[in-house]
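Chemist: This is model-v8.txt (compact mmCIF, C-alpha atoms).
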# COMPACT_ATOMS: atom_id res chain seq x y z
CA MET A 234 0.00 0.00 0.00
CA LEU A 235 2.85 2.33 0.86
CA LEU A 236 4.39 1.71 -2.56
CA ASP A 237 1.10 2.61 -4.24
CA GLN A 238 0.88 5.86 -2.28
CA ARG A 239 4.44 6.76 -3.23
CA LYS A 240 3.65 5.91 -6.84
CA TRP A 241 0.60 8.17 -6.89
CA ALA A 242 2.44 10.92 -5.01
CA GLY A 243 5.18 10.78 -7.61
CA MET A 244 2.66 10.94 -10.41
CA PHE A 245 0.95 13.98 -8.87
CA PHE A 246 4.33 15.67 -8.44
CA VAL A 247 5.25 15.06 -12.05
CA PHE A 248 1.81 16.21 -13.20
CA GLY A 249 2.13 19.35 -11.10
CA VAL A 250 5.56 20.16 -12.49
CA LEU A 251 4.31 19.59 -16.04
CA SER A 252 1.27 21.78 -15.44
CA VAL A 253 3.34 24.65 -14.05
CA THR A 254 5.82 24.26 -16.90
CA MET A 255 3.05 24.33 -19.50
CA VAL A 256 1.41 27.41 -17.96
CA THR A 257 4.76 29.18 -17.68
CA ALA A 258 5.61 28.30 -21.26
CA SER A 259 2.23 29.55 -22.42
CA LEU A 260 2.61 32.86 -20.60
CA SER A 261 6.16 33.21 -21.88
CA ALA A 262 5.02 32.65 -25.46
CA GLN A 263 2.24 35.17 -24.97
CA GLU A 264 4.70 37.77 -23.72
CA LYS A 265 6.73 37.72 -26.92
CA SER A 266 6.17 40.55 -29.35
CA VAL A 267 4.77 39.36 -32.68
CA LYS A 268 6.49 42.26 -34.45
CA PRO A 269 9.13 44.10 -32.41
CA GLY A 270 9.51 47.78 -33.25
CA ILE A 271 6.17 48.12 -35.02
CA ASN A 272 5.20 51.03 -32.74
CA ASP A 273 8.54 52.84 -32.52
CA GLN A 274 7.23 55.73 -34.62
CA PHE A 275 4.52 56.36 -32.02
CA ARG A 276 6.80 56.67 -28.99
CA LYS A 277 7.28 60.40 -29.58
CA PRO A 278 5.11 61.20 -32.60
CA ASP A 279 5.12 64.48 -34.51
CA VAL A 280 1.38 65.08 -34.22
CA ALA A 281 1.17 67.65 -37.01
CA LYS A 282 2.72 65.22 -39.49
CA PHE A 283 0.33 62.47 -38.44
CA VAL A 284 -2.68 64.77 -38.77
CA GLU A 285 -1.64 65.37 -42.36
CA ARG A 286 -1.10 61.65 -42.88
CA PHE A 287 -4.18 60.30 -41.09
CA GLU A 288 -6.68 62.96 -42.09
CA GLY A 289 -6.02 63.29 -45.80
CA GLU A 290 -8.13 62.20 -48.76
CA SER A 291 -5.46 59.71 -49.85
CA ARG A 292 -6.21 57.58 -46.78
CA GLU A 293 -9.13 55.31 -47.54
CA VAL A 294 -10.62 55.24 -44.04
CA PHE A 295 -10.69 59.04 -44.11
CA ASP A 296 -12.17 59.25 -47.58
CA LYS A 297 -14.84 56.64 -46.71
CA ARG A 298 -15.51 57.89 -43.17
CA GLU A 299 -19.17 58.67 -43.82
CA LYS A 300 -19.82 55.17 -45.20
CA VAL A 301 -17.92 53.64 -42.29
CA MET A 302 -20.05 55.58 -39.81
CA GLU A 303 -23.22 54.40 -41.56
CA ALA A 304 -22.00 50.80 -41.32
CA LEU A 305 -21.27 51.14 -37.60
CA ALA A 306 -24.78 52.44 -36.86
CA ILE A 307 -23.71 54.13 -33.63
CA ARG A 308 -26.67 55.34 -31.57
CA PRO A 309 -27.08 58.20 -29.09
CA GLY A 310 -26.22 57.19 -25.55
CA MET A 311 -23.72 54.48 -26.50
CA ALA A 312 -20.29 54.10 -24.93
CA VAL A 313 -17.63 53.62 -27.62
CA ALA A 314 -13.90 52.98 -27.35
CA ASP A 315 -11.66 54.13 -30.19
CA VAL A 316 -8.60 51.92 -29.71
CA GLY A 317 -5.57 53.33 -31.50
CA ALA A 318 -7.34 56.67 -31.70
CA GLY A 319 -4.34 58.44 -33.20
CA THR A 320 -5.20 62.03 -34.06
CA GLY A 321 -8.84 61.53 -33.08
CA LEU A 322 -10.50 61.49 -36.49
CA TYR A 323 -13.08 58.85 -35.55
CA THR A 324 -13.09 59.81 -31.87
CA ARG A 325 -14.69 63.14 -32.78
CA LEU A 326 -17.14 61.51 -35.21
CA PHE A 327 -18.18 59.07 -32.49
CA ALA A 328 -18.56 61.88 -29.95
CA ARG A 329 -21.09 63.61 -32.16
CA ALA A 330 -22.91 60.35 -32.91
CA VAL A 331 -23.35 59.24 -29.29
CA GLY A 332 -24.48 62.68 -28.15
CA GLU A 333 -24.35 64.26 -24.73
CA LYS A 334 -25.65 61.15 -22.97
CA GLY A 335 -23.02 58.92 -24.54
CA ARG A 336 -19.26 58.82 -24.11
CA VAL A 337 -16.18 58.01 -26.16
CA LEU A 338 -12.98 56.58 -24.74
CA ALA A 339 -10.01 57.51 -26.93
CA VAL A 340 -7.27 54.95 -26.29
CA ASP A 341 -3.71 55.31 -27.51
CA ILE A 342 -0.18 54.49 -26.38
CA ALA A 343 1.07 57.97 -27.35
CA SER A 344 0.32 60.69 -24.82
CA GLU A 345 1.01 63.28 -27.54
CA PHE A 346 -1.99 61.99 -29.51
CA LEU A 347 -4.17 62.10 -26.41
CA ASP A 348 -3.11 65.68 -25.66
CA HIS A 349 -4.09 66.60 -29.22
CA ILE A 350 -7.46 64.87 -28.85
CA ASN A 351 -8.15 66.70 -25.59
CA LYS A 352 -7.31 70.02 -27.22
CA THR A 353 -9.44 69.45 -30.32
CA ALA A 354 -12.32 68.18 -28.16
CA LYS A 355 -12.17 71.37 -26.11
CA ASP A 356 -11.93 73.53 -29.22
CA GLN A 357 -14.95 71.78 -30.76
CA LYS A 358 -16.89 71.74 -27.47
CA LEU A 359 -17.06 67.95 -27.31
CA GLY A 360 -17.40 67.23 -23.61
CA ASN A 361 -18.07 63.50 -23.85
CA ILE A 362 -14.54 62.35 -24.77
CA ILE A 363 -12.32 60.62 -22.22
CA THR A 364 -8.70 59.92 -23.11
CA VAL A 365 -7.05 56.70 -21.90
CA LEU A 366 -3.31 56.04 -22.06
CA GLY A 367 -3.01 52.44 -23.18
CA LYS A 368 -0.09 50.06 -22.91
CA ASP A 369 1.54 47.74 -25.42
CA VAL A 370 -0.17 44.84 -23.64
CA SER A 371 -3.49 46.43 -22.66
CA THR A 372 -6.09 48.97 -23.73
CA GLU A 373 -6.61 49.82 -20.04
CA LEU A 374 -10.37 49.90 -20.58
CA PRO A 375 -12.40 49.64 -17.35
CA PRO A 376 -14.30 46.32 -17.04
CA ALA A 377 -17.64 46.14 -18.87
CA SER A 378 -17.47 49.85 -19.69
CA VAL A 379 -18.27 50.09 -23.41
CA ASP A 380 -20.82 48.87 -25.95
CA LEU A 381 -18.45 48.96 -28.93
CA VAL A 382 -14.70 48.86 -29.47
CA TYR A 383 -13.42 50.27 -32.75
CA VAL A 384 -9.97 49.25 -34.04
CA CYS A 385 -9.13 51.00 -37.31
CA ASP A 386 -5.82 50.31 -39.11
CA THR A 387 -4.47 49.42 -35.68
CA TYR A 388 -4.76 45.65 -35.24
CA HIS A 389 -1.52 45.09 -37.14
CA HIS A 390 0.13 47.37 -34.56
CA PHE A 391 -0.79 45.07 -31.67
CA GLU A 392 2.56 43.70 -30.54
CA TYR A 393 0.83 41.41 -28.07
CA PRO A 394 -2.53 40.65 -29.71
CA ALA A 395 -3.67 37.98 -27.25
CA ARG A 396 -3.22 40.25 -24.25
CA VAL A 397 -4.69 43.31 -25.94
CA LEU A 398 -7.71 41.29 -27.07
CA GLU A 399 -8.13 40.02 -23.52
CA SER A 400 -8.32 43.62 -22.29
CA ILE A 401 -10.85 44.46 -25.01
CA HIS A 402 -12.95 41.43 -24.07
CA LYS A 403 -12.97 42.55 -20.43
CA GLY A 404 -13.74 46.14 -21.38
CA LEU A 405 -16.82 45.26 -23.43
CA LYS A 406 -20.25 44.83 -21.91
CA ASP A 407 -21.97 41.47 -22.45
CA GLY A 408 -22.96 41.25 -26.10
CA GLY A 409 -20.74 44.21 -26.96
CA LYS A 410 -19.25 44.56 -30.43
CA LEU A 411 -15.67 44.71 -31.67
CA VAL A 412 -15.21 46.32 -35.09
CA VAL A 413 -11.91 45.79 -36.88
CA ILE A 414 -10.82 47.62 -40.01
CA ASP A 415 -7.44 46.70 -41.39
CA PHE A 416 -5.52 46.41 -44.63
CA ILE A 417 -6.27 43.61 -47.06
CA ARG A 418 -3.05 41.60 -47.22
CA GLU A 419 -2.93 39.32 -50.26
CA PRO A 420 0.23 38.40 -52.21
CA GLY A 421 0.04 39.69 -55.77
CA VAL A 422 -2.81 42.03 -54.86
CA SER A 423 -1.63 44.21 -51.98
CA SER A 424 1.12 46.78 -52.27
CA ASP A 425 4.69 46.03 -51.27
CA TRP A 426 4.24 48.40 -48.33
CA VAL A 427 1.25 46.46 -47.00
CA MET A 428 2.99 43.11 -47.50
CA GLY A 429 5.99 44.32 -45.54
CA HIS A 430 4.23 46.38 -42.89
CA VAL A 431 1.10 44.37 -42.07
CA ARG A 432 1.80 41.21 -40.10
CA ALA A 433 -1.17 39.05 -41.03
CA GLY A 434 -4.05 38.73 -43.45
CA GLN A 435 -7.75 38.74 -42.62
CA ALA A 436 -8.03 34.98 -42.05
CA ILE A 437 -5.33 34.98 -39.37
CA VAL A 438 -6.74 38.10 -37.74
CA GLU A 439 -10.20 36.54 -37.54
CA LYS A 440 -8.75 33.33 -36.05
CA GLU A 441 -6.87 35.25 -33.36
CA ILE A 442 -9.96 37.25 -32.45
CA THR A 443 -12.31 34.26 -32.25
CA GLN A 444 -9.79 32.43 -30.07
CA ALA A 445 -9.88 35.43 -27.73
CA GLY A 446 -13.58 34.98 -26.98
CA PHE A 447 -15.39 36.63 -29.86
CA ARG A 448 -17.61 35.40 -32.67
CA LYS A 449 -17.83 36.97 -36.11
CA VAL A 450 -21.29 38.38 -36.76
CA ASP A 451 -20.91 40.58 -39.84
CA GLU A 452 -18.61 41.75 -42.60
CA LYS A 453 -19.13 44.82 -44.78
CA LYS A 454 -17.82 43.57 -48.11
CA GLY A 455 -17.24 46.06 -50.89
CA LEU A 456 -17.26 49.04 -48.55
CA MET A 457 -13.59 49.75 -49.24
CA LYS A 458 -10.97 48.54 -51.70
CA GLU A 459 -7.85 48.51 -49.54
CA ASN A 460 -9.41 47.64 -46.20
CA TYR A 461 -11.84 45.08 -44.81
CA LEU A 462 -14.40 45.75 -42.07
CA VAL A 463 -15.42 42.87 -39.81
CA VAL A 464 -17.77 42.93 -36.82
CA PHE A 465 -17.36 40.58 -33.86
CA GLU A 466 -19.48 40.08 -30.77
CA LYS A 467 -18.22 39.33 -27.28
CA ALA A 468 -18.99 35.72 -26.46
CA SER A 469 -19.56 34.48 -22.92
CA THR A 470 -16.86 31.83 -23.24
CA ARG A 471 -13.66 31.51 -25.23
CA ASP A 472 -13.53 29.28 -28.29
CA ASN A 473 -10.11 27.67 -28.04
CA SER A 474 -10.68 25.71 -31.24
CA GLY A 475 -10.11 28.84 -33.30
CA LYS A 476 -13.24 28.10 -35.36
Take the structure in this file and express it as structure tokens.
Modeler:
Amino acid sequence: MLLDQRKWAGMFFVFGVLSVTMVTASLSAQEKSVKPGINDQFRKPDVAKFVERFEGESREVFDKREKVMEALAIRPGMAVADVGAGTGLYTRLFARAVGEKGRVLAVDIASEFLDHINKTAKDQKLGNIITVLGKDVSTELPPASVDLVYVCDTYHHFEYPARVLESIHKGLKDGGKLVVIDFIREPGVSSDWVMGHVRAGQAIVEKEITQAGFRKVDEKKGLMKENYLVVFEKASTRDNSGK
């Protein structure tokens, strides 16, 4: 009997060591940047240059902003998070759409962008905008605080997508929506810049997002030529199958 107990004790010890090792390995893998240096240009951005770059007619998401807003169907009173808000182009559009009873959380890792958003919000008398300084690993959204998270031309800048998606999942209310707009990345179709700059195509992006506890509910095909727009909904449980 004593031998059996020692045998089982040894098995539990080995199992425990393996479990800890697996968890540690998983966390270690999750900590690794999927594209080191992708956000270096945003550490101390020249805001004026980015305003010119982000808010010009040559940028498709600027040119198609009215159609994008129609597709989002944002209602008065909603709470919306603009993750990767940049110069605040969509932040200000959202602020007008949600009205005085709604609120917009502008999230970015660059405090210079947030200072610019605060200034433009004050100048335009938009009192429903809250700026949030995010981290490389987190949006820093308060739990269950928003109805919709908007990620425009920003997903490919997530160095730690699993952890950022986890923070988005926590920040959304039950049944909340995640909208992702990003560049179409297809060999032979997309530009050399997109192929070199954008880490993953739509299929991989969708797989990563569904594995993080979301389900795809809509896609606005044909809305833009260079970008896709996909809508996800927060699921109650994670789908680890990636389906």
Chemist: Quick one: residues within 8 Å of segment 300-316 of chain A, only C-alpha atoms, excluding same-chain residues fewer than 2 positions away - as a PyMOL selection string?
Modeler: chain A and resi 294+297-298+318+323-324+327+330-341+372+378-385+387+453+456
Chemist: Name the closest residue to Leu411 of chain A among the candidates A:Glu466, A:Glu288, A:Glu373, A:Glu399; distances are taken between atoms, counting all atoms listed in the file.
Modeler: A:Glu466
Chemist: Which distance in Å separates atom CA of Ala281 of chain A and atom CA of Glu345 of chain A, to one decimal?
Modeler: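 Interatomic distance here is 10.4 Å.
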Chemist: Pick the closest to Lys440 of chain A from A:Gly367, A:Pro394, A:Gly455, A:Gly409: which is it, counting all atoms listed in the file?
Modeler: A:Pro394
Chemist: Near segment 419-425 of chain A, within 7 Å and counting all atoms listed in the file, which residues show up once chain neighbours fewer than 3 positions away are dropped, as number ranges by chain?
Modeler: A: 428-429, 434
Chemist: Report the distance between atom CA of Val450 of chain A and atom CA of Arg396 of chain A in Å, rounded to one decimal place.
Modeler: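 Those two atoms sit 22.1 Å apart.
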Chemist: So how many Å separate atom CA of Gln444 of chain A and atom CA of Val365 of chain A, to one decimal?
Modeler: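 So the answer is 25.8 Å.
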Chemist: Could you pull the residues within 8 Å of Val431 of chain A, counting all atoms listed in the file, minus those fewer than 4 positions along the same chain, as an MDAnalysis selection string?
Modeler: chainID A and resid 389 416 418 427
Chemist: Restricting the calculation to all atoms listed in the file, which member of A:Val284, A:Leu398, A:Leu347, A:Val412 is positioned closest to Leu366 of chain A?
Modeler: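 When distances to Leu366 of chain A are compared using all atoms listed in the file, the smallest one comes from A:Leu347.
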Chemist: Could you add N, CA and C atoms to segment 446-473 of chain A and give me the result as a PDB file, keeping the file's coordinate frame?
Modeler:
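And here is the file that came out, result_23.pdb:
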ATOM      1  N   GLY A 446     -12.259  34.911 -27.600  1.00  0.00           N
ATOM      2  CA  GLY A 446     -13.580  34.980 -26.980  1.00  0.00           C
ATOM      3  C   GLY A 446     -14.595  35.805 -27.724  1.00  0.00           C
ATOM      4  N   PHE A 447     -14.445  35.895 -29.035  1.00  0.00           N
ATOM      5  CA  PHE A 447     -15.390  36.630 -29.860  1.00  0.00           C
ATOM      6  C   PHE A 447     -15.941  35.727 -30.965  1.00  0.00           C
ATOM      7  N   ARG A 448     -17.084  36.095 -31.501  1.00  0.00           N
ATOM      8  CA  ARG A 448     -17.610  35.400 -32.670  1.00  0.00           C
ATOM      9  C   ARG A 448     -17.914  36.432 -33.758  1.00  0.00           C
ATOM     10  N   LYS A 449     -17.588  36.073 -34.979  1.00  0.00           N
ATOM     11  CA  LYS A 449     -17.830  36.970 -36.110  1.00  0.00           C
ATOM     12  C   LYS A 449     -19.317  37.024 -36.402  1.00  0.00           C
ATOM     13  N   VAL A 450     -19.854  38.240 -36.512  1.00  0.00           N
ATOM     14  CA  VAL A 450     -21.290  38.380 -36.760  1.00  0.00           C
ATOM     15  C   VAL A 450     -21.607  39.133 -38.048  1.00  0.00           C
ATOM     16  N   ASP A 451     -20.617  39.826 -38.618  1.00  0.00           N
ATOM     17  CA  ASP A 451     -20.910  40.580 -39.840  1.00  0.00           C
ATOM     18  C   ASP A 451     -19.609  40.972 -40.535  1.00  0.00           C
ATOM     19  N   GLU A 452     -19.730  41.238 -41.823  1.00  0.00           N
ATOM     20  CA  GLU A 452     -18.610  41.750 -42.600  1.00  0.00           C
ATOM     21  C   GLU A 452     -19.176  42.645 -43.695  1.00  0.00           C
ATOM     22  N   LYS A 453     -18.647  43.850 -43.795  1.00  0.00           N
ATOM     23  CA  LYS A 453     -19.130  44.820 -44.780  1.00  0.00           C
ATOM     24  C   LYS A 453     -18.274  44.724 -46.041  1.00  0.00           C
ATOM     25  N   LYS A 454     -18.607  43.783 -46.890  1.00  0.00           N
ATOM     26  CA  LYS A 454     -17.820  43.570 -48.110  1.00  0.00           C
ATOM     27  C   LYS A 454     -18.119  44.653 -49.136  1.00  0.00           C
ATOM     28  N   GLY A 455     -17.078  45.067 -49.843  1.00  0.00           N
ATOM     29  CA  GLY A 455     -17.240  46.060 -50.890  1.00  0.00           C
ATOM     30  C   GLY A 455     -17.281  47.490 -50.398  1.00  0.00           C
ATOM     31  N   LEU A 456     -17.200  47.686 -49.092  1.00  0.00           N
ATOM     32  CA  LEU A 456     -17.260  49.040 -48.550  1.00  0.00           C
ATOM     33  C   LEU A 456     -16.009  49.829 -48.922  1.00  0.00           C
ATOM     34  N   MET A 457     -14.865  49.131 -48.898  1.00  0.00           N
ATOM     35  CA  MET A 457     -13.590  49.750 -49.240  1.00  0.00           C
ATOM     36  C   MET A 457     -12.783  48.803 -50.130  1.00  0.00           C
ATOM     37  N   LYS A 458     -11.799  49.354 -50.806  1.00  0.00           N
ATOM     38  CA  LYS A 458     -10.970  48.540 -51.700  1.00  0.00           C
ATOM     39  C   LYS A 458      -9.698  48.042 -51.023  1.00  0.00           C
ATOM     40  N   GLU A 459      -9.130  48.857 -50.157  1.00  0.00           N
ATOM     41  CA  GLU A 459      -7.850  48.510 -49.540  1.00  0.00           C
ATOM     42  C   GLU A 459      -8.000  47.910 -48.147  1.00  0.00           C
ATOM     43  N   ASN A 460      -9.173  48.083 -47.565  1.00  0.00           N
ATOM     44  CA  ASN A 460      -9.410  47.640 -46.200  1.00  0.00           C
ATOM     45  C   ASN A 460     -10.652  46.757 -46.104  1.00  0.00           C
ATOM     46  N   TYR A 461     -10.639  45.858 -45.135  1.00  0.00           N
ATOM     47  CA  TYR A 461     -11.840  45.080 -44.810  1.00  0.00           C
ATOM     48  C   TYR A 461     -12.425  45.587 -43.493  1.00  0.00           C
ATOM     49  N   LEU A 462     -13.723  45.380 -43.310  1.00  0.00           N
ATOM     50  CA  LEU A 462     -14.400  45.750 -42.070  1.00  0.00           C
ATOM     51  C   LEU A 462     -15.167  44.533 -41.575  1.00  0.00           C
ATOM     52  N   VAL A 463     -14.791  44.059 -40.391  1.00  0.00           N
ATOM     53  CA  VAL A 463     -15.420  42.870 -39.810  1.00  0.00           C
ATOM     54  C   VAL A 463     -15.955  43.218 -38.421  1.00  0.00           C
ATOM     55  N   VAL A 464     -17.135  42.696 -38.119  1.00  0.00           N
ATOM     56  CA  VAL A 464     -17.770  42.930 -36.820  1.00  0.00           C
ATOM     57  C   VAL A 464     -17.800  41.639 -36.024  1.00  0.00           C
ATOM     58  N   PHE A 465     -17.349  41.722 -34.773  1.00  0.00           N
ATOM     59  CA  PHE A 465     -17.360  40.580 -33.860  1.00  0.00           C
ATOM     60  C   PHE A 465     -18.219  40.924 -32.644  1.00  0.00           C
ATOM     61  N   GLU A 466     -18.708  39.895 -31.991  1.00  0.00           N
ATOM     62  CA  GLU A 466     -19.480  40.080 -30.770  1.00  0.00           C
ATOM     63  C   GLU A 466     -18.794  39.354 -29.623  1.00  0.00           C
ATOM     64  N   LYS A 467     -18.803  39.963 -28.466  1.00  0.00           N
ATOM     65  CA  LYS A 467     -18.220  39.330 -27.280  1.00  0.00           C
ATOM     66  C   LYS A 467     -19.018  38.096 -26.923  1.00  0.00           C
ATOM     67  N   ALA A 468     -18.337  36.964 -26.851  1.00  0.00           N
ATOM     68  CA  ALA A 468     -18.990  35.720 -26.460  1.00  0.00           C
ATOM     69  C   ALA A 468     -18.786  35.507 -24.957  1.00  0.00           C
ATOM     70  N   SER A 469     -19.652  34.708 -24.363  1.00  0.00           N
ATOM     71  CA  SER A 469     -19.560  34.480 -22.920  1.00  0.00           C
ATOM     72  C   SER A 469     -18.398  33.596 -22.548  1.00  0.00           C
ATOM     73  N   THR A 470     -17.990  32.728 -23.492  1.00  0.00           N
ATOM     74  CA  THR A 470     -16.860  31.830 -23.240  1.00  0.00           C
ATOM     75  C   THR A 470     -15.904  31.889 -24.423  1.00  0.00           C
ATOM     76  N   ARG A 471     -14.664  31.528 -24.168  1.00  0.00           N
ATOM     77  CA  ARG A 471     -13.660  31.510 -25.230  1.00  0.00           C
ATOM     78  C   ARG A 471     -13.781  30.264 -26.085  1.00  0.00           C
ATOM     79  N   ASP A 472     -13.560  30.418 -27.366  1.00  0.00           N
ATOM     80  CA  ASP A 472     -13.530  29.280 -28.290  1.00  0.00           C
ATOM     81  C   ASP A 472     -12.097  28.957 -28.596  1.00  0.00           C
ATOM     82  N   ASN A 473     -11.526  28.004 -27.873  1.00  0.00           N
ATOM     83  CA  ASN A 473     -10.110  27.670 -28.040  1.00  0.00           C
ATOM     84  C   ASN A 473      -9.837  26.854 -29.298  1.00  0.00           C
TER      85      ASN A 473
END
